[in-house]
file input_12.txt (compact mmCIF, C-alpha atoms)
# COMPACT_ATOMS: atom_id res chain seq x y z
CA PHE A 1 -1.47 -1.74 13.43
CA THR A 2 1.32 0.17 15.15
CA PHE A 3 2.77 -3.14 16.35
CA LEU A 4 2.69 -4.44 12.77
CA LEU A 5 4.48 -1.38 11.39
CA SER A 6 7.21 -1.53 14.01
CA SER A 7 7.58 -5.29 13.56
CA LEU A 8 7.70 -4.92 9.77
CA SER A 9 10.54 -2.42 10.14
CA THR A 10 12.38 -4.87 12.40
CA VAL A 11 11.88 -7.86 10.12
CA LEU A 12 12.84 -5.96 6.98
CA ALA A 13 15.81 -4.51 8.80
CA GLU A 14 17.06 -7.98 9.69
CA ASP A 15 17.15 -8.79 5.99
CA SER A 16 18.24 -5.41 4.61
CA VAL A 17 21.56 -4.52 3.07
CA LEU A 18 22.87 -1.47 1.35
CA PRO A 19 24.65 -2.22 -1.96
CA ASP A 20 28.36 -1.36 -1.94
CA SER A 21 27.90 0.87 -4.96
CA ILE A 22 25.43 3.04 -3.06
CA LEU A 23 27.66 3.18 -0.01
CA ALA A 24 30.57 4.28 -2.15
CA GLU A 25 28.50 7.10 -3.68
CA ASN A 26 27.19 8.40 -0.37
CA THR A 27 28.73 11.83 0.18
CA PHE A 28 27.45 12.37 3.72
CA ASN A 29 30.70 11.91 5.66
CA ASP A 30 29.08 12.10 9.09
CA THR A 31 26.37 9.50 8.31
CA LEU A 32 28.27 7.02 6.14
CA PRO A 33 30.34 5.26 8.84
CA GLU A 34 27.40 5.06 11.19
CA LYS A 35 25.07 3.85 8.47
CA LYS A 36 27.51 1.27 7.18
CA SER A 37 28.10 -0.03 10.68
CA PHE A 38 24.38 -0.01 11.42
CA PHE A 39 23.43 -1.98 8.33
CA HIS A 40 26.36 -4.36 8.20
CA LYS A 41 26.73 -5.16 11.90
CA VAL A 42 23.12 -5.09 13.06
CA LEU A 43 20.74 -5.37 10.12
CA ASN A 44 22.62 -7.57 7.68
CA GLN A 45 21.46 -10.94 8.95
CA THR A 46 22.23 -14.15 7.08
CA LYS A 47 18.93 -15.91 7.78
CA PRO A 48 17.35 -17.10 4.51
CA VAL A 49 13.83 -16.43 5.83
CA THR A 50 12.67 -14.18 8.67
CA TYR A 51 9.12 -14.29 9.98
CA LEU A 52 6.99 -12.92 12.76
CA ALA A 53 3.35 -13.30 13.90
CA LEU A 54 1.36 -10.95 16.14
CA PRO A 55 -2.17 -10.82 17.56
CA ILE A 56 -4.45 -7.89 16.68
CA ALA A 57 -7.12 -6.25 18.83
CA TYR A 58 -8.74 -2.88 18.22
CA TYR A 59 -12.03 -1.02 18.37
CA THR A 60 -13.66 1.53 16.07
CA PRO A 61 -17.24 2.85 15.99
CA GLU A 62 -17.79 1.17 12.61
CA THR A 63 -16.30 -2.25 13.38
CA ASN A 64 -16.89 -2.61 17.12
CA LEU A 65 -14.32 -4.96 18.73
CA MET A 66 -12.01 -6.47 16.10
CA LEU A 67 -9.73 -9.44 16.78
CA GLY A 68 -7.27 -11.24 14.55
CA VAL A 69 -3.70 -12.07 13.66
CA CYS A 70 -1.10 -10.67 11.28
CA GLY A 71 2.31 -11.79 10.16
CA VAL A 72 5.42 -10.75 8.27
CA VAL A 73 7.56 -13.05 6.13
CA SER A 74 10.77 -11.65 4.64
CA PHE A 75 13.36 -13.28 2.38
CA ARG A 76 15.67 -12.64 -0.56
CA VAL A 77 15.18 -14.31 -3.91
CA LYS A 78 18.15 -16.67 -4.43
CA ASN A 79 19.87 -15.02 -1.42
CA ASP A 80 20.99 -12.11 -3.61
CA THR A 81 22.45 -9.58 -1.15
CA ASN A 82 22.27 -6.80 -3.78
CA THR A 83 18.49 -7.21 -3.98
CA GLY A 84 15.95 -5.75 -1.58
CA SER A 85 14.06 -8.08 0.72
CA THR A 86 10.85 -9.61 -0.57
CA PHE A 87 8.13 -9.45 2.05
CA ILE A 88 4.68 -11.01 2.45
CA ILE A 89 2.19 -9.66 5.00
CA PRO A 90 -0.93 -11.76 5.73
CA TRP A 91 -3.62 -10.10 7.81
CA VAL A 92 -6.93 -11.54 9.09
CA THR A 93 -9.35 -9.81 11.49
CA TYR A 94 -12.95 -10.53 12.52
CA SER A 95 -15.32 -8.39 14.56
CA ILE A 96 -18.05 -9.34 17.02
CA ASP A 97 -20.66 -7.94 14.59
CA LYS A 98 -19.43 -10.24 11.77
CA GLN A 99 -17.19 -7.89 9.81
CA MET A 100 -14.03 -9.40 8.33
CA ASN A 101 -10.80 -8.29 6.68
CA ALA A 102 -8.60 -10.96 5.08
CA GLU A 103 -5.64 -9.54 3.18
CA VAL A 104 -2.22 -10.45 1.79
CA PHE A 105 0.07 -7.74 0.43
CA GLY A 106 3.75 -7.06 -0.09
CA SER A 107 6.55 -6.55 -2.62
CA LEU A 108 8.91 -8.82 -4.51
CA TYR A 109 12.36 -7.74 -5.71
CA HIS A 110 14.61 -9.65 -8.12
CA LYS A 111 18.02 -9.21 -9.81
CA SER A 112 19.40 -6.21 -7.88
CA ASN A 113 15.94 -4.60 -7.77
CA LYS A 114 15.69 -4.51 -11.56
CA HIS A 115 12.37 -6.30 -11.31
CA GLN A 116 9.77 -5.31 -8.73
CA VAL A 117 6.22 -6.58 -8.16
CA ASP A 118 3.84 -4.94 -5.67
CA TYR A 119 0.61 -6.80 -4.94
CA GLU A 120 -2.50 -6.74 -2.78
CA LEU A 121 -5.13 -9.46 -2.49
CA SER A 122 -8.07 -8.91 -0.12
CA TYR A 123 -11.56 -10.05 0.84
CA LYS A 124 -13.57 -7.69 3.03
CA ILE A 125 -16.93 -7.69 4.76
CA GLN A 126 -17.31 -4.23 6.24
CA LYS A 127 -19.49 -1.26 7.08
CA GLN A 128 -18.16 1.80 5.30
CA PRO A 129 -18.99 5.28 6.66
CA PHE A 130 -20.77 7.38 4.05
CA TYR A 131 -21.22 11.17 4.25
CA GLY A 132 -21.93 11.89 0.60
CA ILE A 133 -19.77 12.39 -2.49
CA GLY A 134 -17.58 15.31 -3.52
CA ASN A 135 -18.60 18.67 -2.08
CA LYS A 136 -22.07 17.43 -1.12
CA LEU A 137 -21.12 16.11 2.31
CA ASP A 138 -23.20 15.89 5.46
CA PHE A 139 -20.96 15.17 8.45
CA ASP A 140 -23.87 15.33 10.88
CA ASN A 141 -25.63 12.36 9.28
CA LYS A 142 -23.15 9.54 8.91
CA GLU A 143 -24.51 6.37 7.33
CA LEU A 144 -22.94 2.92 7.44
CA VAL A 145 -23.07 1.06 4.13
CA TYR A 146 -22.56 -2.71 4.38
CA THR A 147 -20.33 -4.04 1.56
CA LYS A 148 -18.77 -7.37 0.73
CA GLY A 149 -16.10 -7.70 -1.92
CA PHE A 150 -12.88 -9.12 -3.36
CA ARG A 151 -9.93 -7.12 -4.70
CA LEU A 152 -6.70 -7.86 -6.57
CA TYR A 153 -4.19 -5.13 -7.39
CA SER A 154 -0.71 -5.73 -8.80
CA VAL A 155 2.03 -3.60 -10.37
CA TYR A 156 5.16 -4.78 -12.15
CA GLN A 157 8.01 -2.29 -12.52
CA ASN A 158 11.17 -2.72 -14.54
CA ARG A 159 14.11 -0.59 -13.35
CA MET A 160 16.14 0.96 -16.17
CA LYS A 161 19.46 2.79 -15.82
CA ASP A 162 19.18 2.31 -12.04
CA VAL A 163 16.65 5.11 -11.51
CA PHE A 164 13.79 4.84 -14.05
CA LEU A 165 10.76 2.60 -13.49
CA LEU A 166 8.16 1.43 -15.99
CA GLY A 167 5.57 -1.32 -15.94
CA PRO A 168 1.93 -2.44 -16.26
CA ILE A 169 -0.86 -2.34 -13.67
CA TYR A 170 -3.71 -4.81 -13.22
CA HIS A 171 -6.70 -4.14 -10.98
CA MET A 172 -9.78 -6.29 -10.40
CA ASP A 173 -12.56 -5.50 -7.95
CA TYR A 174 -15.75 -7.46 -7.39
CA THR A 175 -18.23 -6.05 -4.88
CA SER A 176 -20.97 -8.64 -4.51
CA THR A 177 -23.10 -6.92 -1.87
CA VAL A 178 -24.00 -3.30 -1.11
CA ARG A 179 -26.62 -2.81 1.63
CA PRO A 180 -27.23 0.75 2.93
CA GLU A 181 -29.22 1.81 5.96
CA GLU A 182 -32.95 1.91 5.33
CA ASN A 183 -34.47 5.28 4.44
CA GLY A 184 -31.09 7.00 4.49
CA SER A 185 -29.81 9.42 1.84
CA PHE A 186 -27.79 6.62 0.24
CA ASP A 187 -30.87 4.39 0.00
CA THR A 188 -33.00 7.12 -1.54
CA THR A 189 -30.39 8.50 -3.97
CA ASN A 190 -29.24 7.00 -7.25
CA ILE A 191 -25.53 6.56 -6.45
CA ILE A 192 -23.17 4.89 -8.93
CA GLY A 193 -22.09 1.55 -7.49
CA SER A 194 -25.13 1.08 -5.24
CA LYS A 195 -25.72 -2.33 -6.84
CA GLY A 196 -22.09 -3.45 -6.62
CA GLY A 197 -20.58 -5.27 -9.57
CA PHE A 198 -17.38 -6.34 -11.29
CA VAL A 199 -14.70 -3.97 -12.60
CA GLN A 200 -11.39 -4.80 -14.25
CA GLY A 201 -8.72 -2.40 -15.40
CA LEU A 202 -5.32 -2.23 -17.06
CA GLY A 203 -2.86 0.60 -16.84
CA LEU A 204 0.73 1.79 -16.78
CA ARG A 205 3.04 3.25 -14.15
CA ALA A 206 6.16 5.32 -14.89
CA GLY A 207 8.50 6.51 -12.20
CA PHE A 208 11.85 7.85 -11.05
CA ASP A 209 13.60 6.53 -7.93
CA ASN A 210 17.09 7.52 -6.76
CA ARG A 211 16.64 6.79 -3.04
CA ASP A 212 19.75 5.27 -1.50
CA ASP A 213 17.71 2.45 0.07
CA VAL A 214 14.19 1.08 -0.42
CA TYR A 215 13.21 0.66 3.23
CA PHE A 216 15.57 3.01 5.12
CA PRO A 217 16.33 5.96 2.82
CA TYR A 218 18.74 8.64 3.99
CA LYS A 219 18.40 10.74 0.86
CA GLY A 220 16.82 10.74 -2.59
CA ASN A 221 13.52 11.21 -4.39
CA TYR A 222 10.71 9.00 -5.61
CA LEU A 223 8.21 10.08 -8.27
CA ALA A 224 5.53 7.88 -9.84
CA VAL A 225 2.64 8.59 -12.21
CA SER A 226 0.10 5.92 -13.07
CA GLY A 227 -3.11 5.63 -15.05
CA VAL A 228 -5.66 2.81 -15.19
CA GLY A 229 -8.63 2.40 -17.53
CA TYR A 230 -11.70 0.28 -16.80
CA PRO A 231 -13.45 -0.17 -20.18
CA ASN A 232 -16.60 -2.19 -20.72
CA TRP A 233 -14.81 -4.50 -23.16
CA LEU A 234 -12.70 -5.77 -20.25
CA GLY A 235 -15.89 -6.82 -18.49
CA SER A 236 -16.29 -3.79 -16.22
CA LYS A 237 -19.82 -2.94 -15.18
CA TYR A 238 -18.79 0.71 -14.86
CA GLN A 239 -16.60 2.47 -17.40
CA PHE A 240 -14.14 4.94 -15.90
CA ALA A 241 -10.46 5.83 -15.51
CA SER A 242 -8.14 6.81 -12.68
CA VAL A 243 -4.90 8.80 -12.57
CA GLN A 244 -2.53 8.95 -9.61
CA ALA A 245 0.68 10.91 -9.03
CA GLU A 246 2.94 10.60 -6.00
CA TYR A 247 6.16 12.32 -4.94
CA ARG A 248 8.35 11.49 -1.93
CA SER A 249 11.56 13.21 -0.90
CA PHE A 250 14.18 12.40 1.73
CA PHE A 251 16.75 14.92 2.85
CA ASN A 252 19.52 14.12 5.33
CA ILE A 253 19.76 17.13 7.64
CA LYS A 254 22.36 15.82 10.06
CA ARG A 255 23.45 12.34 11.05
CA LYS A 256 20.25 10.36 11.71
CA VAL A 257 17.90 13.33 11.27
CA ILE A 258 16.01 12.93 7.99
CA LEU A 259 13.29 15.17 6.63
CA ALA A 260 10.71 13.13 4.69
CA SER A 261 7.78 14.53 2.71
CA GLN A 262 5.03 13.10 0.53
CA VAL A 263 2.65 14.69 -1.96
CA MET A 264 -0.11 12.69 -3.63
CA SER A 265 -2.88 13.37 -6.14
CA GLN A 266 -5.68 10.95 -7.05
CA MET A 267 -8.26 11.69 -9.75
CA THR A 268 -11.04 9.66 -11.33
CA PHE A 269 -13.14 10.26 -14.45
CA GLY A 270 -16.34 8.66 -15.73
CA ASP A 271 -18.90 6.45 -14.00
CA VAL A 272 -16.91 5.67 -10.86
CA PRO A 273 -18.56 3.42 -8.24
CA PHE A 274 -18.65 5.14 -4.85
CA TYR A 275 -16.37 2.54 -3.22
CA LEU A 276 -13.54 3.28 -5.71
CA ILE A 277 -13.63 7.07 -5.45
CA PRO A 278 -10.38 8.47 -3.97
CA ARG A 279 -10.47 8.92 -0.20
CA LEU A 280 -8.42 10.73 2.40
CA GLY A 281 -6.98 8.52 5.12
CA GLY A 282 -7.17 4.77 5.51
CA ASP A 283 -4.67 2.09 6.46
CA LYS A 284 -2.04 3.02 3.83
CA LEU A 285 -2.41 6.78 3.41
CA LEU A 286 -2.12 9.42 6.15
CA ARG A 287 -2.09 6.86 8.94
CA GLY A 288 -1.45 9.63 11.48
CA TYR A 289 -4.31 11.95 10.61
call {"tool": "encode", "arguments": {"input": "input_12.txt", "output": "structure tokens"}}
result
Amino acid sequence: FTFLLSSLSTVLAEDSVLPDSILAENTFNDTLPEKKSFFHKVLNQTKPVTYLALPIAYYTPETNLMLGVCGVVSFRVKNDTNTGSTFIIPWVTYSIDKQMNAEVFGSLYHKSNKHQVDYELSYKIQKQPFYGIGNKLDFDNKELVYTKGFRLYSVYQNRMKDVFLLGPIYHMDYTSTVRPEENGSFDTTNIIGSKGGFVQGLGLRAGFDNRDDVYFPYKGNYLAVSGVGYPNWLGSKYQFASVQAEYRSFFNIKRKVILASQVMSQMTFGDVPFYLIPRLGGDKLLRGY
């Protein structure tokens, strides 16, 4: 995963460019010449499409030995140099005990970043560690719950007045199989989502973004608040709602030294299946914990 992150930065960097308007507004005299030279001489490649593929091998107690391949494809829509790079990341891994993770995710930018689409499409066969829910946790008795499911999550955001974002959210999740360990607490407790099922939700995201660059920010702030409802009339087996708020800040201390921070809140209400309850950690949140 570390290889993928570093490679993604390299691939995106090869396709990145900083709009002239942003460069002109940058007031950091000691970073501007270096940044302009860095982006325009090294990162501003003219290749229409950049791609990279890498093998994956890792081990965890839940997955055992996992092998696979991942890739990064980066390009600009209509070669618009004022628009951020669109990227597609396919990812497929398979373990020796028959667990699988097949996923495609990324972002698409169009018309000087006025239109943005973030998406994630995945199919997973996995054993999820289960300690309990909420404050009723038992870290001494970890259980592995076998699940199989399909997920689609997409967000469209329209940028207004250069800094405001607004757009709809669509989320679909179908968990076809849930199989806990026999005679465990999960198996003997009535937990919402223990039978799997289909959920579908619609929502809205509103945000503010004045970062000077999408992938390599030197300064600026990003704030987004989103809410998604999963009513029965949309076909959801469980009726619930989720609310998420996220704030990121970037402060240029000196030259290439940048202080970055992130604060996030995730809340759910209603009959939430256990596999959609907010979690700490994972492959996209707190990767260094």
call {"tool": "atom_distance", "arguments": {"input": "input_12.txt", "atom1": "atom CA of Gly270 of chain A", "atom2": "atom CA of His171 of chain A"}}
result
16.7 Å
call {"tool": "residues_near_point", "arguments": {"input": "input_12.txt", "point": "(-2.0, 9.7, -11.2)", "cutoff": "12 Å", "atoms": "all atoms listed in the file", "output": "ChimeraX atom specification"}}
result
/A:203-207,223-229,241-247,263-269,278
call {"tool": "atom_distance", "arguments": {"input": "input_12.txt", "atom1": "atom CA of Gly220 of chain A", "atom2": "atom CA of Thr50 of chain A"}}
result
27.7 Å
call {"tool": "closest_residue", "arguments": {"input": "input_12.txt", "among": "A:Val104, A:Leu276, A:Val69, A:Ala260", "to": "Phe216 of chain A", "atoms": "only C-alpha atoms"}}
result
A:Ala260
call {"tool": "residues_near_point", "arguments": {"input": "input_12.txt", "point": "(-20.5, 3.1, 3.7)", "cutoff": "12 Å", "atoms": "only C-alpha atoms", "output": "VMD selection string"}}
result
chain A and resid 62 to 63 125 to 133 141 to 148 177 to 181 184 to 187 191 193 to 194 274 to 276
call {"tool": "write_last_selection", "arguments": {"input": "input_12.txt", "atoms": "C-alpha atoms", "output": "PDB file, in the frame of the given file"}}
result
ATOM      1  CA  GLU A  62     -17.790   1.170  12.610  1.00  0.00           C
ATOM      2  CA  THR A  63     -16.300  -2.250  13.380  1.00  0.00           C
ATOM      3  CA  ILE A 125     -16.930  -7.690   4.760  1.00  0.00           C
ATOM      4  CA  GLN A 126     -17.310  -4.230   6.240  1.00  0.00           C
ATOM      5  CA  LYS A 127     -19.490  -1.260   7.080  1.00  0.00           C
ATOM      6  CA  GLN A 128     -18.160   1.800   5.300  1.00  0.00           C
ATOM      7  CA  PRO A 129     -18.990   5.280   6.660  1.00  0.00           C
ATOM      8  CA  PHE A 130     -20.770   7.380   4.050  1.00  0.00           C
ATOM      9  CA  TYR A 131     -21.220  11.170   4.250  1.00  0.00           C
ATOM     10  CA  GLY A 132     -21.930  11.890   0.600  1.00  0.00           C
ATOM     11  CA  ILE A 133     -19.770  12.390  -2.490  1.00  0.00           C
ATOM     12  CA  ASN A 141     -25.630  12.360   9.280  1.00  0.00           C
ATOM     13  CA  LYS A 142     -23.150   9.540   8.910  1.00  0.00           C
ATOM     14  CA  GLU A 143     -24.510   6.370   7.330  1.00  0.00           C
ATOM     15  CA  LEU A 144     -22.940   2.920   7.440  1.00  0.00           C
ATOM     16  CA  VAL A 145     -23.070   1.060   4.130  1.00  0.00           C
ATOM     17  CA  TYR A 146     -22.560  -2.710   4.380  1.00  0.00           C
ATOM     18  CA  THR A 147     -20.330  -4.040   1.560  1.00  0.00           C
ATOM     19  CA  LYS A 148     -18.770  -7.370   0.730  1.00  0.00           C
ATOM     20  CA  THR A 177     -23.100  -6.920  -1.870  1.00  0.00           C
ATOM     21  CA  VAL A 178     -24.000  -3.300  -1.110  1.00  0.00           C
ATOM     22  CA  ARG A 179     -26.620  -2.810   1.630  1.00  0.00           C
ATOM     23  CA  PRO A 180     -27.230   0.750   2.930  1.00  0.00           C
ATOM     24  CA  GLU A 181     -29.220   1.810   5.960  1.00  0.00           C
ATOM     25  CA  GLY A 184     -31.090   7.000   4.490  1.00  0.00           C
ATOM     26  CA  SER A 185     -29.810   9.420   1.840  1.00  0.00           C
ATOM     27  CA  PHE A 186     -27.790   6.620   0.240  1.00  0.00           C
ATOM     28  CA  ASP A 187     -30.870   4.390   0.000  1.00  0.00           C
ATOM     29  CA  ILE A 191     -25.530   6.560  -6.450  1.00  0.00           C
ATOM     30  CA  GLY A 193     -22.090   1.550  -7.490  1.00  0.00           C
ATOM     31  CA  SER A 194     -25.130   1.080  -5.240  1.00  0.00           C
ATOM     32  CA  PHE A 274     -18.650   5.140  -4.850  1.00  0.00           C
ATOM     33  CA  TYR A 275     -16.370   2.540  -3.220  1.00  0.00           C
ATOM     34  CA  LEU A 276     -13.540   3.280  -5.710  1.00  0.00           C
TER      35      LEU A 276
END
call {"tool": "atom_distance", "arguments": {"input": "input_12.txt", "atom1": "atom CA of Pro90 of chain A", "atom2": "atom CA of Glu103 of chain A"}}
result
5.8 Å
call {"tool": "axis_aligned_box", "arguments": {"input": "input_12.txt", "around": "segment 86-96 of chain A", "padding_each_side": "4 Å", "output": "AutoDock Vina command-line options"}}
result
--center_x -3.6 --center_y -10.1 --center_z 8.2 --size_x 36.9 --size_y 11.4 --size_z 25.6
call {"tool": "closest_residue", "arguments": {"input": "input_12.txt", "among": "A:Gly167, A:Arg76, A:Gly149, A:Gly68", "to": "Val117 of chain A", "atoms": "only C-alpha atoms"}}
result
A:Gly167
call {"tool": "closest_residue", "arguments": {"input": "input_12.txt", "among": "A:Ile253, A:Ile56, A:Met172, A:Ile258", "to": "Ser236 of chain A", "atoms": "all atoms listed in the file"}}
result
A:Met172
call {"tool": "residues_around", "arguments": {"input": "input_12.txt", "residues": "Val72 of chain A", "least_positions_apart": "2", "cutoff": "7 Å", "atoms": "only C-alpha atoms", "output": "VMD selection string"}}
result
chain A and resid 8 51 to 53 74 87 to 90
call {"tool": "residues_around", "arguments": {"input": "input_12.txt", "residues": "segment 153-160 of chain A", "least_positions_apart": "5", "cutoff": "10 Å", "atoms": "all atoms listed in the file", "output": "number ranges by chain"}}
result
A: 105-109, 112-122, 165-173, 200-201, 203-209
call {"tool": "closest_residue", "arguments": {"input": "input_12.txt", "among": "A:Tyr218, A:Asn135, A:Asn210, A:Glu182", "to": "Asp162 of chain A", "atoms": "all atoms listed in the file"}}
result
A:Asn210
call {"tool": "residues_around", "arguments": {"input": "input_12.txt", "residues": "Met100 of chain A", "least_positions_apart": "6", "cutoff": "8 Å", "atoms": "only C-alpha atoms", "output": "list in words"}}
result
Val92, Thr93, Tyr94, Tyr123, Lys124, Ile125 and Gln126 of chain A
call {"tool": "residues_around", "arguments": {"input": "input_12.txt", "residues": "Lys78 of chain A", "least_positions_apart": "3", "cutoff": "10 Å", "atoms": "all atoms listed in the file", "output": "mmCIF file with C-alpha atoms, in the coordinates of the input"}}
result
data_model
loop_
_atom_site.group_PDB
_atom_site.id
_atom_site.type_symbol
_atom_site.label_atom_id
_atom_site.label_comp_id
_atom_site.auth_asym_id
_atom_site.auth_seq_id
_atom_site.Cartn_x
_atom_site.Cartn_y
_atom_site.Cartn_z
ATOM 1 C CA PRO A 48 17.350 -17.100 4.510
ATOM 2 C CA PHE A 75 13.360 -13.280 2.380
ATOM 3 C CA THR A 81 22.450 -9.580 -1.150
ATOM 4 C CA THR A 83 18.490 -7.210 -3.980
ATOM 5 C CA HIS A 110 14.610 -9.650 -8.120
ATOM 6 C CA LYS A 111 18.020 -9.210 -9.810
#
call {"tool": "residues_around", "arguments": {"input": "input_12.txt", "residues": "Pro217 of chain A", "least_positions_apart": "3", "cutoff": "9 Å", "atoms": "only C-alpha atoms", "output": "list in words"}}
result
Arg211, Asp212, Asp213, Val214, Gly220, Phe250, Phe251 and Ile258 of chain A
call {"tool": "closest_residue", "arguments": {"input": "input_12.txt", "among": "A:Trp91, A:Tyr58, A:Tyr215, A:Tyr238", "to": "Tyr174 of chain A", "atoms": "all atoms listed in the file"}}
result
A:Tyr238
